[in-house]
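J.: Right, I'll just put the structure down here and ask away after.
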Amino acid sequence: MREGCEGTGPGAITPDGCAVELYARLPVGTEPDVITAAVPAAAHILELGSGVGRMTHPLLELGFAVTAVDESADMLEHVRGARRIRGSIEGLDLGETFDVVLLASFLVHAGDIRVRRAILDTCARHVADDGCVLIQREGENYHTDVPRERKDPSGFVVRILSAEPVGDGVDSVRAEYTFPDATWTQTFLSRELTKDAFEEALAEAGLKVDRYLTEDGMWVRAVKGSAPVGRHTSPSAPMSSRWFPGLPL
């Protein structure tokens with residue numbers, strides 16, 4: 001397991017604590033509708049942290065071309081119909097650009113600032129000059145409104161059990177998913193980002209907010225802005241390409 005990450009439950013667990021079988025069960029949600037409303041029809045999407053294809057498959061059905069990137073071979077085995085690339089987000093350099101770069105699952109909240117910077121640099125490196133980056137942020141009070149739970153209409157319960165400070169503005173977040181026949185947990189590190197801090201992080205990568213796509217501010221459309229600020233060091237170790245899925249709570 002990667003530092004600060006842990007996962008329990010049946011089946012394969014990736015180094016960031018994600019359970020492959022769990023992700024294969026999770027419903028799609030409203031994300032494809034948000035994406036469709038924000039990008040051109042038939043756009044080519046670079047999906048960073050695709051997992052098992054929870055969003056990949058509905059986007060393909062909606063007529064988009066998708067290049068799905070994930071670090072886990074176990075996850076990518078479930079992806080069908082998309083171009084599949086196995087690798088970490090931070091080190092990705094495909095030598096091409098896309099109409100849309102998709103960064104969901106709260107990946108922008110990586111606990112390690114160097115990892116967050118590398119992830120956003122990958123977004124900026126791969127988006128076309130006239131393209132956009134769609135980013136999913138944590139909801140308001142995500143780290144303080146704990147414990148909390150939501151019962152999905154399909155019958156499972158997802159809980160955020162705790163968000164414990166571990167220093168330097170980072171929390172250790174513990175989530176639990178309970179199905180009638182199985183339970184999974186995942187623990188991961190997450191850094192809170194205010195709206196201002198989020199926009200500053202984008203600016204460091206040469207990106208800027210075009211507009212917030214949802215009333216809660218959790219989905220954002222960013223475009224290329226001014227030249228990025230020089231401030232980089234490479235991440236000390238690659239992080240996973242995905243952790244907690246963007247399920248509303």
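Each chain of the structure tokens is named A, B, ... in the order shown, its residues numbered from 1; ligands are numbered from 1 in display order.
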Could you tell me, as JSON, numbers by chain, which residues of stretch 50-180 of chain A DSSP assigns to strand (DSSP E or B) when given the backbone?

T.: {"A": [65, 66, 67, 68, 69, 70, 83, 84, 85, 86, 98, 99, 100, 101, 102, 103, 110, 127, 128, 129, 130, 131, 132, 133, 134, 135, 136, 148, 149, 150, 151, 157, 158, 159, 160, 161, 162, 163, 164, 165, 166, 167, 170, 171, 172, 173, 174, 175, 176, 177, 178, 179]}

J.: Residues at most 8 Å from stretch 82-92 of chain A, counting only C-alpha atoms, excluding those fewer than 3 positions away in the same chain, as a PyMOL selection string?

T.: chain A and resi 48-49+56+60+65-73+76+79+115+118-119+121-122+238-241

J.: With C-alpha atoms kept, could you save the residues just selected as an mmCIF file, in the first residue's frame?

T.:
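Writing the result to part16.cif gives the following:
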```
data_model
loop_
_atom_site.group_PDB
_atom_site.id
_atom_site.type_symbol
_atom_site.label_atom_id
_atom_site.label_comp_id
_atom_site.auth_asym_id
_atom_site.auth_seq_id
_atom_site.Cartn_x
_atom_site.Cartn_y
_atom_site.Cartn_z
ATOM 1 C CA LEU A 48 -7.230 10.413 -16.088
ATOM 2 C CA GLY A 49 -7.928 7.734 -13.498
ATOM 3 C CA THR A 56 -15.775 5.724 -19.668
ATOM 4 C CA LEU A 60 -18.530 6.164 -25.232
ATOM 5 C CA ALA A 65 -13.892 9.069 -28.107
ATOM 6 C CA VAL A 66 -12.114 8.208 -24.861
ATOM 7 C CA THR A 67 -8.503 7.472 -23.990
ATOM 8 C CA ALA A 68 -8.631 5.840 -20.560
ATOM 9 C CA VAL A 69 -5.581 6.070 -18.291
ATOM 10 C CA ASP A 70 -5.164 4.141 -15.075
ATOM 11 C CA GLU A 71 -2.232 2.773 -13.099
ATOM 12 C CA SER A 72 -3.998 -0.490 -12.255
ATOM 13 C CA ALA A 73 -4.031 -3.307 -14.800
ATOM 14 C CA LEU A 76 -8.201 -1.426 -16.950
ATOM 15 C CA VAL A 79 -12.615 -1.042 -19.670
ATOM 16 C CA VAL A 115 1.741 15.175 -6.629
ATOM 17 C CA ALA A 118 2.339 17.027 -11.308
ATOM 18 C CA ILE A 119 -1.259 15.932 -11.922
ATOM 19 C CA ASP A 121 0.737 19.760 -15.169
ATOM 20 C CA THR A 122 -0.312 16.575 -16.943
ATOM 21 C CA PRO A 238 4.192 8.063 -8.020
ATOM 22 C CA MET A 239 0.744 8.110 -6.553
ATOM 23 C CA SER A 240 -2.209 6.176 -7.832
ATOM 24 C CA SER A 241 -4.268 7.422 -10.706
#
```

J.: Residues of stretch 134-212 of chain A that have any atom at most 10 Å from an atom of stretch 100-110 of chain A: could you tabulate them with the shortest-distance atom pair and the distance in Å to one decimal, using only C-alpha atoms, ordered by chain and increasing number, as CSV?

T.:
```
residue,atom,partner,partner_atom,distance
A:Leu134,CA,A:Leu102,CA,4.9
A:Ile135,CA,A:Leu103,CA,4.8
A:Gln136,CA,A:Ala104,CA,4.7
A:Arg137,CA,A:Phe106,CA,5.2
A:Glu138,CA,A:Phe106,CA,6.0
A:Gly139,CA,A:Phe106,CA,9.5
A:Val170,CA,A:Ala110,CA,8.8
A:Phe188,CA,A:Ala110,CA,9.1
A:Leu189,CA,A:Ala110,CA,6.8
A:Ser190,CA,A:His109,CA,5.4
A:Arg191,CA,A:His109,CA,5.0
A:Glu192,CA,A:His109,CA,6.5
A:Leu193,CA,A:His109,CA,7.0
A:Phe198,CA,A:Val108,CA,8.5
A:Ala201,CA,A:Val108,CA,9.1
A:Leu202,CA,A:Val108,CA,9.6
```

J.: Near A:Ala163, within 6 Å and counting only C-alpha atoms, which residues show up once chain neighbours fewer than 4 positions away are dropped, as a count of residues only?

T.: 4

J.: Counting only C-alpha atoms, which of A:Val133, A:Leu46, A:Ala24, A:Ile113 gets nearest to A:Gly169?

T.: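 Ranking A:Val133, A:Leu46, A:Ala24, A:Ile113 by distance to A:Gly169, first place goes to A:Ile113.
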
J.: Restricting the calculation to only C-alpha atoms, which member of A:Pro27, A:His126, A:Asp74, A:Trp219 is positioned closest to A:Leu94?

T.: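 With only C-alpha atoms as the atom set, the closest residue is A:His126.
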
J.: Running DSSP on the backbone, which parts of stretch 1-248 of chain A land in alpha helix (DSSP H), as an NGL selection string?

T.: :A and (20-25 or 31-38 or 56-61 or 73-76 or 113-126 or 195-204)

J.: So, counting only C-alpha atoms, which residue among A:Tyr142, A:Arg150, A:Asp168, A:His78 is closest to A:Thr194?

T.: A:Tyr142

J.: Which residues, written as a list in words, have at least one atom at most 9 Å from A:Asp99, with only C-alpha atoms counted and residues fewer than 5 positions away on the same chain left out?

T.: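 Answer for this query is Val39, Pro40, Ala43, His44, Ile45, Leu46, His126, Val127, Ala128, Asp129, Asp130, Gly131, Cys132 and Val133 of chain A.
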
J.: Output all heavy atoms of each residue in that selection to a file, as an mmCIF file, in the first residue's frame.

T.:
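Saved file part_18.cif follows:
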```cif
data_model
loop_
_atom_site.group_PDB
_atom_site.id
_atom_site.type_symbol
_atom_site.label_atom_id
_atom_site.label_comp_id
_atom_site.auth_asym_id
_atom_site.auth_seq_id
_atom_site.Cartn_x
_atom_site.Cartn_y
_atom_site.Cartn_z
ATOM 1 N N VAL A 39 -18.891 20.208 -22.932
ATOM 2 C CA VAL A 39 -17.889 19.969 -23.972
ATOM 3 C C VAL A 39 -18.563 19.775 -25.319
ATOM 4 O O VAL A 39 -19.764 19.481 -25.390
ATOM 5 C CB VAL A 39 -17.022 18.733 -23.621
ATOM 6 C CG1 VAL A 39 -16.384 18.892 -22.250
ATOM 7 C CG2 VAL A 39 -17.836 17.447 -23.689
ATOM 8 N N PRO A 40 -17.794 19.916 -26.418
ATOM 9 C CA PRO A 40 -18.384 19.722 -27.747
ATOM 10 C C PRO A 40 -18.796 18.265 -27.975
ATOM 11 O O PRO A 40 -18.205 17.335 -27.412
ATOM 12 C CB PRO A 40 -17.245 20.110 -28.695
ATOM 13 C CG PRO A 40 -16.287 20.896 -27.870
ATOM 14 C CD PRO A 40 -16.397 20.366 -26.486
ATOM 15 N N ALA A 43 -16.316 14.970 -28.826
ATOM 16 C CA ALA A 43 -14.965 15.364 -28.435
ATOM 17 C C ALA A 43 -14.127 14.139 -28.068
ATOM 18 O O ALA A 43 -14.663 13.100 -27.666
ATOM 19 C CB ALA A 43 -15.033 16.322 -27.245
ATOM 20 N N HIS A 44 -12.818 14.274 -28.208
ATOM 21 C CA HIS A 44 -11.891 13.228 -27.754
ATOM 22 C C HIS A 44 -11.481 13.565 -26.329
ATOM 23 O O HIS A 44 -10.895 14.617 -26.072
ATOM 24 C CB HIS A 44 -10.665 13.135 -28.656
ATOM 25 C CG HIS A 44 -9.854 11.899 -28.401
ATOM 26 N ND1 HIS A 44 -8.842 11.483 -29.209
ATOM 27 C CD2 HIS A 44 -9.927 10.965 -27.399
ATOM 28 C CE1 HIS A 44 -8.309 10.361 -28.735
ATOM 29 N NE2 HIS A 44 -8.946 10.033 -27.627
ATOM 30 N N ILE A 45 -11.794 12.673 -25.400
ATOM 31 C CA ILE A 45 -11.584 12.904 -23.976
ATOM 32 C C ILE A 45 -10.423 12.060 -23.484
ATOM 33 O O ILE A 45 -10.379 10.846 -23.723
ATOM 34 C CB ILE A 45 -12.853 12.559 -23.176
ATOM 35 C CG1 ILE A 45 -14.019 13.457 -23.607
ATOM 36 C CG2 ILE A 45 -12.610 12.690 -21.674
ATOM 37 C CD1 ILE A 45 -15.349 13.091 -22.948
ATOM 38 N N LEU A 46 -9.494 12.679 -22.770
ATOM 39 C CA LEU A 46 -8.451 11.966 -22.047
ATOM 40 C C LEU A 46 -8.933 11.829 -20.607
ATOM 41 O O LEU A 46 -9.006 12.817 -19.874
ATOM 42 C CB LEU A 46 -7.136 12.728 -22.093
ATOM 43 C CG LEU A 46 -5.982 12.125 -21.271
ATOM 44 C CD1 LEU A 46 -5.585 10.750 -21.801
ATOM 45 C CD2 LEU A 46 -4.779 13.073 -21.249
ATOM 46 N N HIS A 126 -1.693 18.094 -21.802
ATOM 47 C CA HIS A 126 -2.449 17.278 -22.755
ATOM 48 C C HIS A 126 -3.710 17.946 -23.290
ATOM 49 O O HIS A 126 -4.388 17.368 -24.141
ATOM 50 C CB HIS A 126 -2.822 15.936 -22.113
ATOM 51 C CG HIS A 126 -1.645 15.022 -21.943
ATOM 52 N ND1 HIS A 126 -0.876 15.017 -20.811
ATOM 53 C CD2 HIS A 126 -1.095 14.110 -22.782
ATOM 54 C CE1 HIS A 126 0.093 14.121 -20.941
ATOM 55 N NE2 HIS A 126 -0.006 13.563 -22.121
ATOM 56 N N VAL A 127 -4.047 19.135 -22.813
ATOM 57 C CA VAL A 127 -5.256 19.782 -23.321
ATOM 58 C C VAL A 127 -4.902 20.672 -24.501
ATOM 59 O O VAL A 127 -3.883 21.374 -24.497
ATOM 60 C CB VAL A 127 -5.965 20.596 -22.214
ATOM 61 C CG1 VAL A 127 -5.150 21.812 -21.776
ATOM 62 C CG2 VAL A 127 -7.357 21.008 -22.664
ATOM 63 N N ALA A 128 -5.726 20.626 -25.545
ATOM 64 C CA ALA A 128 -5.521 21.468 -26.719
ATOM 65 C C ALA A 128 -5.690 22.935 -26.347
ATOM 66 O O ALA A 128 -6.340 23.277 -25.353
ATOM 67 C CB ALA A 128 -6.512 21.083 -27.813
ATOM 68 N N ASP A 129 -5.110 23.813 -27.152
ATOM 69 C CA ASP A 129 -5.182 25.246 -26.847
ATOM 70 C C ASP A 129 -6.617 25.728 -26.744
ATOM 71 O O ASP A 129 -6.923 26.634 -25.956
ATOM 72 C CB ASP A 129 -4.439 26.043 -27.922
ATOM 73 C CG ASP A 129 -2.928 25.868 -27.832
ATOM 74 O OD1 ASP A 129 -2.441 25.429 -26.772
ATOM 75 O OD2 ASP A 129 -2.240 26.158 -28.837
ATOM 76 N N ASP A 130 -7.499 25.161 -27.549
ATOM 77 C CA ASP A 130 -8.908 25.557 -27.507
ATOM 78 C C ASP A 130 -9.766 24.533 -26.765
ATOM 79 O O ASP A 130 -10.986 24.539 -26.865
ATOM 80 C CB ASP A 130 -9.457 25.757 -28.913
ATOM 81 C CG ASP A 130 -9.344 24.497 -29.783
ATOM 82 O OD1 ASP A 130 -8.688 23.528 -29.344
ATOM 83 O OD2 ASP A 130 -9.930 24.486 -30.879
ATOM 84 N N GLY A 131 -9.115 23.653 -26.007
ATOM 85 C CA GLY A 131 -9.837 22.623 -25.265
ATOM 86 C C GLY A 131 -10.106 23.035 -23.833
ATOM 87 O O GLY A 131 -9.965 24.199 -23.450
ATOM 88 N N CYS A 132 -10.490 22.061 -23.020
ATOM 89 C CA CYS A 132 -10.815 22.355 -21.625
ATOM 90 C C CYS A 132 -10.445 21.170 -20.734
ATOM 91 O O CYS A 132 -10.307 20.039 -21.199
ATOM 92 C CB CYS A 132 -12.294 22.706 -21.452
ATOM 93 S SG CYS A 132 -13.430 21.353 -21.837
ATOM 94 N N VAL A 133 -10.293 21.480 -19.460
ATOM 95 C CA VAL A 133 -10.042 20.472 -18.437
ATOM 96 C C VAL A 133 -11.235 20.479 -17.490
ATOM 97 O O VAL A 133 -11.615 21.536 -16.969
ATOM 98 C CB VAL A 133 -8.751 20.774 -17.651
ATOM 99 C CG1 VAL A 133 -8.499 19.696 -16.601
ATOM 100 C CG2 VAL A 133 -7.555 20.903 -18.591
#
```

J.: Can you list every residue of stretch 109-138 of chain A that has an atom at most 8 Å from stretch 204-210 of chain A, with its nearest atom pair and the distance in Å to one decimal, using only C-alpha atoms, ordered by chain then number, as JSON lines?

T.:
```
{"residue": "A:Arg117", "atom": "CA", "partner": "A:Ala205", "partner_atom": "CA", "distance": 7.1}
{"residue": "A:Leu120", "atom": "CA", "partner": "A:Ala205", "partner_atom": "CA", "distance": 6.0}
{"residue": "A:Asp121", "atom": "CA", "partner": "A:Ala205", "partner_atom": "CA", "distance": 5.3}
{"residue": "A:Ala124", "atom": "CA", "partner": "A:Ala205", "partner_atom": "CA", "distance": 6.5}
```

J.: Can I get the selection written as a CSV table (one decimal), in the first residue's frame, with N, CA and C atoms?

T.:
```csv
chain,number,residue,atom,x,y,z
A,117,ARG,N,0.6,19.1,-8.1
A,117,ARG,CA,1.2,19.9,-9.1
A,117,ARG,C,1.5,19.1,-10.4
A,120,LEU,N,-1.8,18.3,-12.2
A,120,LEU,CA,-2.3,19.4,-13.0
A,120,LEU,C,-1.5,19.8,-14.2
A,121,ASP,N,-0.1,19.6,-14.0
A,121,ASP,CA,0.7,19.8,-15.2
A,121,ASP,C,0.4,18.8,-16.3
A,124,ALA,N,-2.6,20.2,-18.1
A,124,ALA,CA,-2.2,21.3,-18.9
A,124,ALA,C,-1.4,20.8,-20.2
```

J.: With a distance cut-off of 12 Å and only C-alpha atoms, select the neighbouring residues of A:Glu140, excluding the residue or stretch itself and same-chain residues fewer than 4 positions from it, and output the selection as JSON, numbers by chain.

T.: {"A": [144, 145, 146, 192, 193, 194, 195, 215, 216, 217, 218, 248, 249]}

J.: Could you jot down the atom CA of A:Asp16 to atom CA of A:Gly4 separation for me, Å, one decimal place?

T.: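 Going from atom CA of A:Asp16 over to atom CA of A:Gly4, I get 8.4 Å.
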
J.: Can you measure atom CA of A:Glu61 to atom CA of A:Glu31 for me? One decimal in Å is fine.

T.: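 About the pair atom CA of A:Glu61 and atom CA of A:Glu31: they are 13.7 Å apart.
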
J.: Quick one: distance from atom CA of A:Glu176 to atom CA of A:Ile160 in Å, one decimal?

T.: 6.5 Å
